[in-house]
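Report on the structure given below.
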Amino acid sequence: MTKQAPELVISTAPFVREGVTTPRIMREVLLAALLVLVMACWNFGLGALLVVLAAAAGAAGCEWLFTRNQSPNPLLDYSAVTTGVLLGLTLPPAMPLWMAFLGGAAGIGLGKLIWGGLGQNLFNPALVGRAFLQAAFPTVITTWSKPVAGGDLFALPTSLFAAPLMHGAPDGLSAATPLGLAKFEGQVTGLGSLMIGDTSGSLGETSAALLIAIGLWLAARRIFDWRLPVATLASVGILSGLLYLLNSSSYPPPSFMLCSGGLLFGAIFMVTDPVSTPTTPRGAWIFGAGVGALVVLIRLFGGLPEGVMYAILLMNAVTPHINRHTQRRPFGA
Amino acid sequence: MSTAAAAEARPRSFRGGVHPDDNKRATDALAIERMPFVDEYVMPLSQHIGAPAKAVVMVGERVVRGMPIAEPGAFISTSLHSPVTGRVKAIELRLHPNGKMMPAIVIETDAYDSQRLPAAEPVDVAALCADEMVALVQQSGLVGLGGAAFPSHVKFKVPDDRCVQAVVVNGCECEPFLTCDHRLMLEQPQGVVRGTKLIMSQVGCERGYIGVELNKRDAIAALRAAAPPEIEIVPLQVKYPQGAEKLLIDAIFKREVPAGGLPLDIEMLVNSVGTTLALSDWLDRGVPLIERVVTVTGPGVAHPRNLLVPLGTPLSAVLEHCGGLVPGAHQVVLGGPMMGMAQKSLGVPVLKGTSGILCLDRTAAAPVREYACIRCGRCAEACPMFLNPTRLAQLARFEHVEELEANSLLNCFECAACSFVCPSHIPLVQWMRVGKGMLRTWKASS
C-alpha cells in the first residue's frame, strides 16, 4: 500500500523503448553470418571455420588491446567480433590463418580504432581489413580452392597452417570463380549452381539462395535499412540488364551479375553497415545506386573480375557528402 | 458511407513517427468514475504556461467549491477555483510536480458541508462580443487539457487581421496507456460536439474537424452519431505523436504550420477533446475547471481506472483509491510514457495538465546502458519535424550553439520519438533540451 511510499526512481521520458538495441543488432548480424559460415563449411570443409575464427580473433584481440582500460569494454557490444567474422567470410578458403588474423587486426585497428571507435569510422572496417590483405598478399587472396561441396570436410589445406610471414605451398586443386570464368573464359555459370553455392569463391559468397533468405530475414526484423541492399541490387540489375539488352553476346545476363561473386554478400552484410553508410533515406538510395554502378563498371570494364569491395569502399568515402546533401527540409520551413 | 470506408482503409497520417505498444487495454473499457473527496487539496498557483495566478483568498477564509481562489497574473495566465468547499489552511511553498517548491493554496475540506455546485444559467454566447468571450473563458481557468496546459482564452483571441477557417478538435490521444480522452468521447460525444460548435461560433468558423486515431473506433462511431454535417470526424492512423497539433493539421489537411509559427498562421485552431468538453461545461452549466479525468494505469498499480479527480488531489490519495502500488512498482509518471515526468514524491497534486498517472514496475524503470551512436539514422527517420536528432545531440554535447540554431533545433517539440527508437539508448531528447537551454543563454547574452 502507499502508506509507506516505496523508493521511486527518477529518470526522464521516454519510459518505453522500441527494444532494438545496438548489441542486439550486432548479435543478429553475427548469428546471420554464422549461418553463412555453416554453408561455407559444407562447401569448403572445416578450414572455413578456422579462417573465420582467425579473422575474428585478430579483430577481437586488436579491439581488446587498445580498449582494455575502458569500462564497460567495447567488446561487449559485439561489433568487433562481427567485423572479424564478416571479414573471414570474404576470404578465400585456403588463406593462411596468420594472414586472416592479421587482416582482422588491421580491419579493427586501421578501419575503426584510429577513427575513434564504434560509430566514428568512415570506411567499413571489415573491408578495410580485406583491402589491406589484398594489397599485402595479392596472389594468396585470389587463389581459389575447388569446393568440396559436402565431400571430405576434414581435408584441411596445408596452406592454412603456413608459418607467419610464409605463404605455404598451394595444395589441392584450384578453380576459377564464376566471375573469373565469365571474364577470362567467357563461360557463364548456371543459376542453379550459383543458388546452391557449390562453386569456388570467397567463403561466404557462394550460395545466393541462402544469402537472399538471410537478407529477407534481417530486413523483416528491422536490423538494417532495407533501402541499402535493395538500391544496390536494383542498380546492378538495371545497369547490367541494359548492357545485356544492348549486346547479349559480350555481356552476362543480369541474373548472373546479381547472383555471382560477392555482390549478395556485400549487399546484405557490408552495404548495410549503418556506420559507414548514409543516415538519410534518400542518401541510402544514392549510396546503393552508386555501389551498384561501380560494381558493374569494375566487373565489366575494369581489370579485375570482381569489384564489390572497392565499390563499397569508394561509396563509403563519399558518405559524409551524401549525408550533407540529403538532409530533409525541416517541417514547416 | 463509401468515402468514410475508403478513409479508414487508408487512414490519414503524417510522415515519420513511431509505433509504441499502445497499452490501452487495461483502462479503455472502464467507464469514468468520480474520485471521492479527500481531506486536503493543494492548488499550486502555477499549473499553466505563463504568469502564475495571484491568490485572492486569505488564510483561514472559507471557500465554496467552484469559487475563484486566484486571478490571472497576466494575459497569458488564468484563474484558479476551489476544487472543494472548505477553508484555506495555508498559502505556502509546496512540492510541485516539476520538482520545485512552488507557492500553492492549501485547502482543508469541510467534511460536513455540501459539495454541490451552484446551478447556473447557460451563457448566451451570441450576445457576447469576442473580447467578452475571451475574458469569460479566462475566468473559467480553462487550459489545454492535453498536457501542455496553455491558457485556452489566448487561443480564442483571434487578431483582427486573422480569421479561422477550420476548428480542429484533437482526439488522437497518441500517448500509450492513456484513455481519458477516449472515454470522454465515448461517454459524452454530445458534449464534445457542443464544445466544438461553441468554439466554431466563438471564432466565426463554419467547419469543424475531430481527429481520432483508429484504435478508438467506438469513439469515432459515437462522435459520428452525434455530429452535425459541418463537423467531420476524421479517422487517423495509430502513430505517435499524431496528437501534436502541427501533425494533426498535417494529417487532416496536408498543410504544414510554418516553423516557429502557430496553427493560427494557417488559419486553424486546435483544442483537445478534454478542453472542448470543459468549455461547454463552463458556458452551458457554469462549471469552471475544478476537476479533470485522469487515467491511473500501468503494471505498477493494483486497479487501473479512469477517474474524474478534483484538481489538487495528492497522488497518494488517488493511488490509494486505485488499490495502491503493487510490490515492485518503482516509478510513478505524470502524463504518458513518451513525454511524462517521473515523480519523486507522491505528495504532489493532480494539476490541470495531468492526463495520467502511470505506475511502472522495475522492468520498465531499469536504467539502460548507453552505447556509441552507430549512425543508423533511425532517429532521423522517426523525427516528425524532419530533424537529425543524433547530429543535434552531438552539436549540443560539443556546445556548437550557433549550429544548433542553423540545424533547426527550435523546431523540436520533444516528442521523444528519437530516444524511443535509438538502439544505443542515447538520451537524444534530453540533449535537445540541453541544447535549447544553451541557445537561450547564448541569445540572452548576445
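In the C-alpha cells, the first chain shown is A, the next is B, and so on; residue numbers restart at 1 for each chain, and ligands run from 1 in the order shown.
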
* Could you list, as an MDAnalysis selection string, the residues of chain B having an atom within 8 Å of chain A when counting only C-alpha atoms? => chainID B and resid 20 256:259 316 319:320 323:326 329:332 337:346 364:365 371:378 380:381 384:388 408 411 416 419:425 430

Give me a file of those residues, with C-alpha atoms, as a tab-separated table (two decimals), in the first residue's frame.
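Contents of part.tsv, freshly written:
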```tsv
chain	number	residue	atom	x	y	z
B	20	PRO	CA	4.92	2.08	-29.43
B	256	GLU	CA	2.39	22.42	-42.66
B	257	VAL	CA	2.27	25.02	-39.93
B	258	PRO	CA	5.31	27.25	-40.59
B	259	ALA	CA	8.36	26.53	-38.42
B	316	SER	CA	-1.01	9.30	-2.84
B	319	LEU	CA	-3.29	5.77	-5.93
B	320	GLU	CA	-4.78	4.59	-2.66
B	323	GLY	CA	-5.68	-0.10	-4.62
B	324	GLY	CA	-2.18	1.32	-4.19
B	325	LEU	CA	1.09	0.49	-5.86
B	326	VAL	CA	1.84	-3.19	-6.30
B	329	ALA	CA	6.38	-0.68	-8.59
B	330	HIS	CA	9.33	1.64	-8.93
B	331	GLN	CA	8.30	4.63	-10.92
B	332	VAL	CA	5.33	6.99	-10.96
B	337	PRO	CA	5.29	7.20	-21.09
B	338	MET	CA	6.64	9.23	-24.03
B	339	MET	CA	6.51	12.75	-22.62
B	340	GLY	CA	5.55	12.36	-18.95
B	341	MET	CA	7.57	13.33	-15.87
B	342	ALA	CA	8.73	10.88	-13.20
B	343	GLN	CA	7.87	11.89	-9.65
B	344	LYS	CA	9.96	11.52	-6.52
B	345	SER	CA	7.15	12.12	-4.08
B	346	LEU	CA	3.51	11.01	-4.06
B	364	ALA	CA	10.30	-0.52	-17.29
B	365	ALA	CA	12.16	1.62	-14.78
B	371	TYR	CA	26.28	2.68	-26.43
B	372	ALA	CA	28.09	4.58	-29.15
B	373	CYS	CA	25.99	6.07	-31.95
B	374	ILE	CA	26.15	3.70	-34.92
B	375	ARG	CA	24.67	6.31	-37.27
B	376	CYS	CA	21.82	4.03	-38.23
B	377	GLY	CA	19.54	7.01	-38.95
B	378	ARG	CA	16.57	5.57	-37.07
B	380	ALA	CA	16.10	10.95	-38.24
B	381	GLU	CA	13.53	8.67	-39.80
B	384	PRO	CA	8.20	14.10	-37.29
B	385	MET	CA	9.87	17.51	-37.65
B	386	PHE	CA	12.43	16.03	-40.11
B	387	LEU	CA	15.38	16.97	-37.92
B	388	ASN	CA	18.58	14.97	-37.46
B	408	SER	CA	16.51	23.92	-36.64
B	411	ASN	CA	11.51	23.03	-34.28
B	416	ALA	CA	10.95	11.70	-27.71
B	419	SER	CA	15.01	8.41	-27.90
B	420	PHE	CA	12.34	5.74	-28.28
B	421	VAL	CA	13.97	4.23	-31.37
B	422	CYS	CA	17.67	4.81	-30.60
B	423	PRO	CA	19.26	1.34	-30.39
B	424	SER	CA	22.21	2.81	-28.48
B	425	HIS	CA	19.94	4.36	-25.82
B	430	GLN	CA	17.47	15.26	-23.21
```

* Asked: If you count only C-alpha atoms, which residues fall within 8 Å of stretch 258-261 of chain A, apart from same-chain ones fewer than 2 positions away, as JSON, numbers by chain?
  -> {"A": [177, 178, 179, 191, 194, 195, 201, 205, 206, 208, 233, 236, 237, 254, 255, 256, 263, 264, 306]}

* To do: Provide the atom CA of A:Pro320 to atom CA of B:Cys412 distance in Å, to one decimal place.
  => 23.6 Å

* Go ahead and compute the interatomic distance for atom CA of B:Pro122 and atom CA of B:Gln188, in Å to one decimal. => 18.0 Å
